[in-house]
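Peer 1: Let me begin by handing over the structure; questions about it come next.
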Amino acid sequence: MEKLLFIVFAVAALVSAANILIQRNPLYSALSLIGTLVSLSALYVTLHAQFIAAVQIVVYAGAIMVLFVFVIMLLNVPKTEPHVEKEKWLVYLAIPFGVLMLAEAFYVLRGVHDPSIPYVVRMSMPAGTTSNIGLGLFTRYLLPFEVTSVLILMAIVGALVLAKRDDDGGGPPPE
């Protein structure tokens, strides 16, 4: 029965992966990618890797794909609609919130080098458990984890800036 389920989910992953390439609409392609990620998660369950399957669903099919779909839908705004800036005052909140975010990051990173769990207890836990992974992620590897999240955020903002840049010619938009 396990082999049959593995084959079914493998075929579903391949079909939805091929559908990613076939689709012309980027939103449908992203939805096919979600199908691929869910099928891969089911494959992990058939291989008795339940934690990796759960992480696959939560992180990739959940958070990352919601981000992809959000960016796709944000970039597919029709060019014919006029753009009106209503909240210009929000620009002035960027600096105080940026300073607040840096202060919070320094506060969190200051406590990383003094974890509450002793080193001996950490070494006695078996490798690969969720508690050991979480402890390592939020103590020893907190800085690379946070830097990665900031880099992803910067990439999204950069993509939005490049996509929303006005034409240099000043003429009407091309049809």
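Naming works like this for the structure tokens: A, B, ... for the chains as they're shown, residue 1 at the start of each chain, ligands 1 onward in shown order.
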Would you kindly return, as a list of chain:residue names, each protein, DNA or RNA residue with an atom no farther than 12 Å from any atom of Leu43 in chain A, considering only C-alpha atoms and excluding same-chain residues fewer than 3 positions away?

Peer 2: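 Here the answer would be A:Glu2, A:Lys3, A:Leu4, A:Leu5, A:Phe6, A:Ile7, A:Val8, A:Phe9, A:Ala10, A:Val11, A:Ala12, A:Ala13, A:Leu14, A:Thr36, A:Leu37, A:Val38, A:Ser39, A:Leu40, A:Thr46, A:Leu47, A:His48, A:Ala49, A:Gln50, A:Ile52, A:Ala53, A:Ala54, A:Gln56, A:Ile57.
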
Peer 1: Check the smallest atom-to-atom distance from each of A:Arg110, A:Met154, A:Leu21, A:Tyr28 to Thr139 in chain A using only C-alpha atoms, then report the winner.

Peer 2: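 That would be A:Arg110, the residue with the smallest distance to Thr139 in chain A.
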
Peer 1: Give me, please, the distance in Å between CA of Phe51 in chain A and CA of Thr130 in chain A, quoted to one decimal.

Peer 2: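 If I compute the distance from CA of Phe51 in chain A to CA of Thr130 in chain A, I get 7.7 Å.
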
Peer 1: Of the candidates A:Leu162, A:Val59, A:Val108, A:Leu27, which one gets nearest to Ser41 in chain A if we count only C-alpha atoms?

Peer 2: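 Going through A:Leu162, A:Val59, A:Val108, A:Leu27 one by one, the smallest distance to Ser41 in chain A is for A:Val59.
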
Peer 1: Suppose you want the space between CA of Ile133 in chain A and CA of Val66 in chain A; what is it in Å?

Peer 2: 24.4 Å

Peer 1: Write out as JSON, numbers by chain the residues lying within 7 Å of Ser16 in chain A, counting only C-alpha atoms and excluding same-chain residues fewer than 6 positions away.

Peer 2: {"A": [32, 33, 35, 36]}

Peer 1: Record the distance separating CA of Phe97 in chain A and CA of Val157 in chain A, expressed in Å with one decimal.

Peer 2: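 That distance, rounded to one decimal, is 16.1 Å.
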